[in-house]
Structure formats: C-alpha cells, structure tokens
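Below is one structure, written out as structure tokens; comments come after it.
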Amino acid sequence: MAKLKRWGRELLLLALIALAVVTVMDWLNAPQAPPAFDAQTLTTLDGERVSLAQLSHERPLLVYFWASWCGVCRFTTPDVARTQAAGGNVLTVALRSGDDTQVKHWLARKRLALPVVNDPAGTLSAQWQIGVTPTFVVVSQGKVVQSTTGWTSYWGMKLRLWWAAV
C-alpha cells in the first residue's frame with residue numbers, strides 16, 4: 001500500500017511538472033495579434049471576404065494557423081475539420097503551403113472541407129508573429145482570448161471554444 005501511495009505522489013508530481021512546462025511553452029510561443037487585426041479583411045480560397053471581428057461577433061472563433069508541410073498538422077487538421085463539421089466556428093490560415101491551387105489540391109487529396117485563407121508568402125503569419133505550426137488562436141468579439149501551439153485534440157479545441165463562450 002505504501003508503494004502505491006508513493007507511485008501516486010510521483011505521478012501527480014510528474015503531471016504538475018508537465019502542466020507547468022506546457023503552460024510556459026504556450027506563453028513563450030504565444031502569437032501577438034497585429035494592431036486592428038479584427039478589422040482586417042481576409043479572403044478565403046472560396047472568394048469569401050471575412051473579418052475576424054465579423055466571424056467572432058456572435059460566438060468564439062477558432063483561428064488555426066497550419067501548413068501542408070507541418071508534421072503535427074497532419075494530426076490536428078482532421079480534428080479542426082471535425083470541429084468545424086460539428087458546428088464549431090473555424091477559420092484556417094495555410095502558411096507557406098503554395099498558391100491557391102496547390103492548397104486546394106492538398107485539401108481535396110486529404111478530403112478536407114475547411115474555410116482557408118491562403119498565406120503563401122507568410123505575410124499574415126508574420127504579422128501575428130507565428131513561430132510554431134500549428135498555432136491555435138481563439139477570438140471572441142474581436143479580441144484574442146486564448147492561444148496554444150503544437151498538438152491539440154478535438155476535445156481540446158471544443159473545450160477552448162466552450163470556455164471562451166462562457
């Protein structure tokens with residue numbers, strides 16, 4: 001019994017250390033929203049003109065910065081599509097993944113239907129100071145309310161959107 005308690009304490013300590021490391025890494029890698037980002041008009045691959053203020057006015061918006069060449073994005077992008085298909089408010093930004101035709105072809109090959117703003121030269125991502133792909137930003141009523149980088153699960157995305165709404 002004493003051995004079991006010791007293992008429990010060690011697992012709890014390990015979990016707390018992991019949580020602290022993840023929190024510090026998110027803080028260090030947090031994107032910086034450019035001035036007046038919410039009013040900037042963006043154009044999706046479908047030709048729709050949108051703004052983050054407009055998209056986040058009624059409910060929180062998940063903005064997902066990704067790249068076709070990103071290894072972790074292979075795992076997160078299908079979950080972003082699942083979040084969007086389940087009614088989540090999502091806008092994605094393809095970072096340095098080619099021209100519009102190449103990004104559309106990549107999405108079709110992966111059988112993904114997502115609203116995508118293409119950022120072929122990385123200009124938009126540079127404005128946001130995106131240093132890690134993938135990066136997730138939650139915008140609510142035109143304000144950044146949270147962000148994270150790296151792998152995030154479907155339920156992690158859903159929880160972040162829910163938390164921003166309460």
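Quick note on naming: the chains in the structure tokens go A, B, ... in the order shown, residues restart at 1 in each chain, and ligands are numbered from 1 in order of appearance.
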
Residues near Arg74 in chain A, cut-off 12 Å, only C-alpha atoms, skip fewer than 6 positions along chain, as a list in words: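 Once the adjacent positions are removed, what remains is Trp66, Ala67, Ser68, Val80, Ala81, Trp106, Leu107, Lys110, Leu112, Thr133, Pro134, Gly150, Trp151 and Thr152 of chain A.
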
Long-range neighbours of Val144 in chain A as a PyMOL selection string, 12 Å cut-off, only C-alpha atoms, 3 positions minimum in chain: chain A and resi 30-38+52-53+56+60-63+128+136-141+147-148+161+164

Output C-alpha atoms for every residue in that selection, as a PDB file, in the first residue's frame.
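Written out: selection35.pdb:
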```
ATOM      1  CA  ALA A  30       2.005  32.868 -27.936  1.00  0.00           C
ATOM      2  CA  PRO A  31       1.238  34.760 -31.129  1.00  0.00           C
ATOM      3  CA  GLN A  32       0.917  38.534 -30.971  1.00  0.00           C
ATOM      4  CA  ALA A  33      -2.163  39.900 -32.681  1.00  0.00           C
ATOM      5  CA  PRO A  34      -1.311  42.789 -35.002  1.00  0.00           C
ATOM      6  CA  PRO A  35      -2.962  46.178 -34.422  1.00  0.00           C
ATOM      7  CA  ALA A  36      -6.522  46.359 -35.753  1.00  0.00           C
ATOM      8  CA  PHE A  37      -6.376  42.664 -36.747  1.00  0.00           C
ATOM      9  CA  ASP A  38     -10.097  42.292 -36.139  1.00  0.00           C
ATOM     10  CA  LEU A  52     -12.200  38.169 -37.531  1.00  0.00           C
ATOM     11  CA  ALA A  53     -14.437  40.734 -35.814  1.00  0.00           C
ATOM     12  CA  SER A  56     -16.258  36.192 -33.806  1.00  0.00           C
ATOM     13  CA  PRO A  60     -15.933  32.414 -30.388  1.00  0.00           C
ATOM     14  CA  LEU A  61     -13.837  31.713 -33.469  1.00  0.00           C
ATOM     15  CA  LEU A  62     -11.001  29.194 -33.687  1.00  0.00           C
ATOM     16  CA  VAL A  63      -8.281  30.543 -35.986  1.00  0.00           C
ATOM     17  CA  TRP A 128       0.796  37.569 -35.982  1.00  0.00           C
ATOM     18  CA  PHE A 136      -4.500  27.876 -32.455  1.00  0.00           C
ATOM     19  CA  VAL A 137      -5.977  31.260 -31.551  1.00  0.00           C
ATOM     20  CA  VAL A 138      -9.447  31.756 -30.080  1.00  0.00           C
ATOM     21  CA  VAL A 139     -11.021  35.120 -30.903  1.00  0.00           C
ATOM     22  CA  SER A 140     -14.200  36.271 -29.194  1.00  0.00           C
ATOM     23  CA  GLN A 141     -15.929  39.530 -30.114  1.00  0.00           C
ATOM     24  CA  SER A 147      -3.955  30.581 -27.810  1.00  0.00           C
ATOM     25  CA  THR A 148      -1.874  27.434 -27.885  1.00  0.00           C
ATOM     26  CA  LEU A 161     -14.311  27.335 -27.775  1.00  0.00           C
ATOM     27  CA  ALA A 164     -14.394  31.368 -24.484  1.00  0.00           C
TER      28      ALA A 164
END
```

8 Å contact set for range 116-126 of chain A, only C-alpha atoms, chain neighbours under 6 positions out, as number ranges by chain: A: 42-45, 65, 91-100, 103

Give me a file of those residues, with N, CA and C atoms, as an mmCIF file, in the first residue's frame.
```cif
data_model
loop_
_atom_site.group_PDB
_atom_site.id
_atom_site.type_symbol
_atom_site.label_atom_id
_atom_site.label_comp_id
_atom_site.auth_asym_id
_atom_site.auth_seq_id
_atom_site.Cartn_x
_atom_site.Cartn_y
_atom_site.Cartn_z
ATOM 1 N N LEU A 42 -10.036 39.557 -44.872
ATOM 2 C CA LEU A 42 -9.312 38.403 -45.398
ATOM 3 C C LEU A 42 -10.165 37.734 -46.458
ATOM 4 N N THR A 43 -9.536 37.097 -47.415
ATOM 5 C CA THR A 43 -10.263 36.410 -48.474
ATOM 6 C C THR A 43 -9.946 34.925 -48.415
ATOM 7 N N THR A 44 -10.997 34.108 -48.345
ATOM 8 C CA THR A 44 -10.821 32.660 -48.297
ATOM 9 C C THR A 44 -10.566 32.114 -49.701
ATOM 10 N N LEU A 45 -10.195 30.861 -49.772
ATOM 11 C CA LEU A 45 -9.979 30.216 -51.065
ATOM 12 C C LEU A 45 -11.254 30.206 -51.910
ATOM 13 N N PHE A 65 -3.665 28.308 -37.585
ATOM 14 C CA PHE A 65 -2.535 28.522 -38.485
ATOM 15 C C PHE A 65 -1.843 27.180 -38.694
ATOM 16 N N LEU A 91 -11.861 29.247 -38.752
ATOM 17 C CA LEU A 91 -11.210 29.819 -39.923
ATOM 18 C C LEU A 91 -9.766 29.336 -39.878
ATOM 19 N N THR A 92 -9.250 28.868 -41.007
ATOM 20 C CA THR A 92 -7.876 28.380 -41.014
ATOM 21 C C THR A 92 -7.007 29.256 -41.916
ATOM 22 N N VAL A 93 -5.713 29.270 -41.605
ATOM 23 C CA VAL A 93 -4.741 30.024 -42.389
ATOM 24 C C VAL A 93 -3.634 29.060 -42.797
ATOM 25 N N ALA A 94 -3.504 28.857 -44.109
ATOM 26 C CA ALA A 94 -2.465 27.973 -44.654
ATOM 27 C C ALA A 94 -1.185 28.782 -44.826
ATOM 28 N N LEU A 95 -0.184 28.439 -44.055
ATOM 29 C CA LEU A 95 1.079 29.172 -44.020
ATOM 30 C C LEU A 95 2.092 28.563 -44.981
ATOM 31 N N ARG A 96 2.528 29.337 -45.949
ATOM 32 C CA ARG A 96 3.579 28.927 -46.883
ATOM 33 C C ARG A 96 3.372 27.508 -47.419
ATOM 34 N N SER A 97 2.168 27.260 -47.889
ATOM 35 C CA SER A 97 1.821 25.924 -48.389
ATOM 36 C C SER A 97 1.588 25.911 -49.896
ATOM 37 N N GLY A 98 2.034 26.953 -50.585
ATOM 38 C CA GLY A 98 1.870 27.024 -52.029
ATOM 39 C C GLY A 98 0.803 28.031 -52.411
ATOM 40 N N ASP A 99 0.529 28.084 -53.720
ATOM 41 C CA ASP A 99 -0.501 29.004 -54.203
ATOM 42 C C ASP A 99 -1.891 28.414 -53.931
ATOM 43 N N ASP A 100 -2.925 29.171 -54.287
ATOM 44 C CA ASP A 100 -4.298 28.738 -54.003
ATOM 45 C C ASP A 100 -4.606 27.364 -54.595
ATOM 46 N N VAL A 103 -2.963 24.585 -52.519
ATOM 47 C CA VAL A 103 -3.637 24.380 -51.228
ATOM 48 C C VAL A 103 -4.973 23.670 -51.450
#
```

Pick from A:Leu19, A:Gly131, A:Lys5, A:Ala165 nearest to Gln146 in chain A, counting only C-alpha atoms: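 So, comparing all the options, the nearest one is A:Ala165.
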
Those in chain A with strand (DSSP E) from DSSP, as a ChimeraX atom specification: /A:41-43,49-51,61-66,90-95,116-119,135-140,143-149

Please dump the current selection as an mmCIF file, in the first residue's frame; keep N, CA and C atoms.
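Now in result.cif:
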```cif
data_model
loop_
_atom_site.group_PDB
_atom_site.id
_atom_site.type_symbol
_atom_site.label_atom_id
_atom_site.label_comp_id
_atom_site.auth_asym_id
_atom_site.auth_seq_id
_atom_site.Cartn_x
_atom_site.Cartn_y
_atom_site.Cartn_z
ATOM 1 N N THR A 41 -9.678 42.745 -43.551
ATOM 2 C CA THR A 41 -10.477 41.887 -44.414
ATOM 3 C C THR A 41 -9.589 40.800 -45.008
ATOM 4 N N LEU A 42 -10.036 39.557 -44.872
ATOM 5 C CA LEU A 42 -9.312 38.403 -45.398
ATOM 6 C C LEU A 42 -10.165 37.734 -46.458
ATOM 7 N N THR A 43 -9.536 37.097 -47.415
ATOM 8 C CA THR A 43 -10.263 36.410 -48.474
ATOM 9 C C THR A 43 -9.946 34.925 -48.415
ATOM 10 N N ARG A 49 -15.059 37.194 -48.509
ATOM 11 C CA ARG A 49 -14.313 38.212 -47.770
ATOM 12 C C ARG A 49 -14.865 38.251 -46.353
ATOM 13 N N VAL A 50 -13.958 38.068 -45.374
ATOM 14 C CA VAL A 50 -14.366 37.976 -43.975
ATOM 15 C C VAL A 50 -13.428 38.808 -43.106
ATOM 16 N N SER A 51 -13.888 39.085 -41.892
ATOM 17 C CA SER A 51 -13.022 39.714 -40.888
ATOM 18 C C SER A 51 -13.169 38.906 -39.601
ATOM 19 N N LEU A 61 -14.401 32.197 -32.210
ATOM 20 C CA LEU A 61 -13.837 31.713 -33.469
ATOM 21 C C LEU A 61 -12.488 31.059 -33.206
ATOM 22 N N LEU A 62 -12.298 29.861 -33.739
ATOM 23 C CA LEU A 62 -11.001 29.194 -33.687
ATOM 24 C C LEU A 62 -10.260 29.535 -34.973
ATOM 25 N N VAL A 63 -9.137 30.231 -34.837
ATOM 26 C CA VAL A 63 -8.281 30.543 -35.986
ATOM 27 C C VAL A 63 -7.102 29.579 -35.903
ATOM 28 N N TYR A 64 -6.940 28.789 -36.953
ATOM 29 C CA TYR A 64 -5.956 27.710 -36.973
ATOM 30 C C TYR A 64 -4.892 28.015 -38.025
ATOM 31 N N PHE A 65 -3.665 28.308 -37.585
ATOM 32 C CA PHE A 65 -2.535 28.522 -38.485
ATOM 33 C C PHE A 65 -1.843 27.180 -38.694
ATOM 34 N N TRP A 66 -1.755 26.730 -39.929
ATOM 35 C CA TRP A 66 -1.224 25.411 -40.246
ATOM 36 C C TRP A 66 -0.411 25.481 -41.538
ATOM 37 N N VAL A 90 -14.877 28.149 -37.221
ATOM 38 C CA VAL A 90 -13.470 27.911 -37.548
ATOM 39 C C VAL A 90 -13.062 28.697 -38.790
ATOM 40 N N LEU A 91 -11.861 29.247 -38.752
ATOM 41 C CA LEU A 91 -11.210 29.819 -39.923
ATOM 42 C C LEU A 91 -9.766 29.336 -39.878
ATOM 43 N N THR A 92 -9.250 28.868 -41.007
ATOM 44 C CA THR A 92 -7.876 28.380 -41.014
ATOM 45 C C THR A 92 -7.007 29.256 -41.916
ATOM 46 N N VAL A 93 -5.713 29.270 -41.605
ATOM 47 C CA VAL A 93 -4.741 30.024 -42.389
ATOM 48 C C VAL A 93 -3.634 29.060 -42.797
ATOM 49 N N ALA A 94 -3.504 28.857 -44.109
ATOM 50 C CA ALA A 94 -2.465 27.973 -44.654
ATOM 51 C C ALA A 94 -1.185 28.782 -44.826
ATOM 52 N N LEU A 95 -0.184 28.439 -44.055
ATOM 53 C CA LEU A 95 1.079 29.172 -44.020
ATOM 54 C C LEU A 95 2.092 28.563 -44.981
ATOM 55 N N VAL A 116 -10.442 28.382 -45.676
ATOM 56 C CA VAL A 116 -8.991 28.604 -45.646
ATOM 57 C C VAL A 116 -8.642 29.961 -46.240
ATOM 58 N N VAL A 117 -7.831 30.708 -45.509
ATOM 59 C CA VAL A 117 -7.180 31.900 -46.031
ATOM 60 C C VAL A 117 -5.763 31.459 -46.364
ATOM 61 N N ASN A 118 -5.369 31.623 -47.618
ATOM 62 C CA ASN A 118 -4.028 31.205 -48.005
ATOM 63 C C ASN A 118 -3.039 32.333 -47.721
ATOM 64 N N ASP A 119 -1.924 31.969 -47.130
ATOM 65 C CA ASP A 119 -0.856 32.899 -46.781
ATOM 66 C C ASP A 119 0.438 32.379 -47.419
ATOM 67 N N THR A 135 -0.594 26.604 -34.798
ATOM 68 C CA THR A 135 -0.952 27.552 -33.746
ATOM 69 C C THR A 135 -2.460 27.731 -33.775
ATOM 70 N N PHE A 136 -3.058 27.699 -32.612
ATOM 71 C CA PHE A 136 -4.500 27.876 -32.455
ATOM 72 C C PHE A 136 -4.749 29.164 -31.684
ATOM 73 N N VAL A 137 -5.621 30.011 -32.212
ATOM 74 C CA VAL A 137 -5.977 31.260 -31.551
ATOM 75 C C VAL A 137 -7.496 31.296 -31.446
ATOM 76 N N VAL A 138 -8.006 31.599 -30.260
ATOM 77 C CA VAL A 138 -9.447 31.756 -30.080
ATOM 78 C C VAL A 138 -9.738 33.246 -29.967
ATOM 79 N N VAL A 139 -10.624 33.722 -30.860
ATOM 80 C CA VAL A 139 -11.021 35.120 -30.903
ATOM 81 C C VAL A 139 -12.495 35.192 -30.532
ATOM 82 N N SER A 140 -12.811 36.069 -29.600
ATOM 83 C CA SER A 140 -14.200 36.271 -29.194
ATOM 84 C C SER A 140 -14.499 37.761 -29.219
ATOM 85 N N LYS A 143 -11.573 39.999 -30.021
ATOM 86 C CA LYS A 143 -10.413 40.022 -29.111
ATOM 87 C C LYS A 143 -9.833 38.616 -28.966
ATOM 88 N N VAL A 144 -8.507 38.529 -28.935
ATOM 89 C CA VAL A 144 -7.851 37.246 -28.692
ATOM 90 C C VAL A 144 -8.055 36.903 -27.220
ATOM 91 N N VAL A 145 -8.654 35.736 -26.954
ATOM 92 C CA VAL A 145 -8.914 35.340 -25.569
ATOM 93 C C VAL A 145 -8.018 34.190 -25.116
ATOM 94 N N GLN A 146 -7.472 33.421 -26.063
ATOM 95 C CA GLN A 146 -6.531 32.365 -25.700
ATOM 96 C C GLN A 146 -5.826 31.854 -26.942
ATOM 97 N N SER A 147 -4.702 31.173 -26.698
ATOM 98 C CA SER A 147 -3.955 30.581 -27.810
ATOM 99 C C SER A 147 -3.138 29.413 -27.284
ATOM 100 N N THR A 148 -2.764 28.540 -28.212
ATOM 101 C CA THR A 148 -1.874 27.434 -27.885
ATOM 102 C C THR A 148 -1.147 27.027 -29.157
ATOM 103 N N THR A 149 -0.043 26.329 -28.991
ATOM 104 C CA THR A 149 0.723 25.859 -30.141
ATOM 105 C C THR A 149 0.940 24.362 -30.017
#
```

Proximity to Pro78 in chain A - best of A:Gln127, A:Ser153, A:Gln54, A:Thr101, only C-alpha atoms: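 Checking each of A:Gln127, A:Ser153, A:Gln54, A:Thr101 against Pro78 in chain A, counting only C-alpha atoms, the winner is A:Ser153.
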
Alpha helix (DSSP H) call set, DSSP backbone run, chain A, as a ChimeraX atom specification: /A:2-29,52-55,73-85,100-109,123-127,154-165
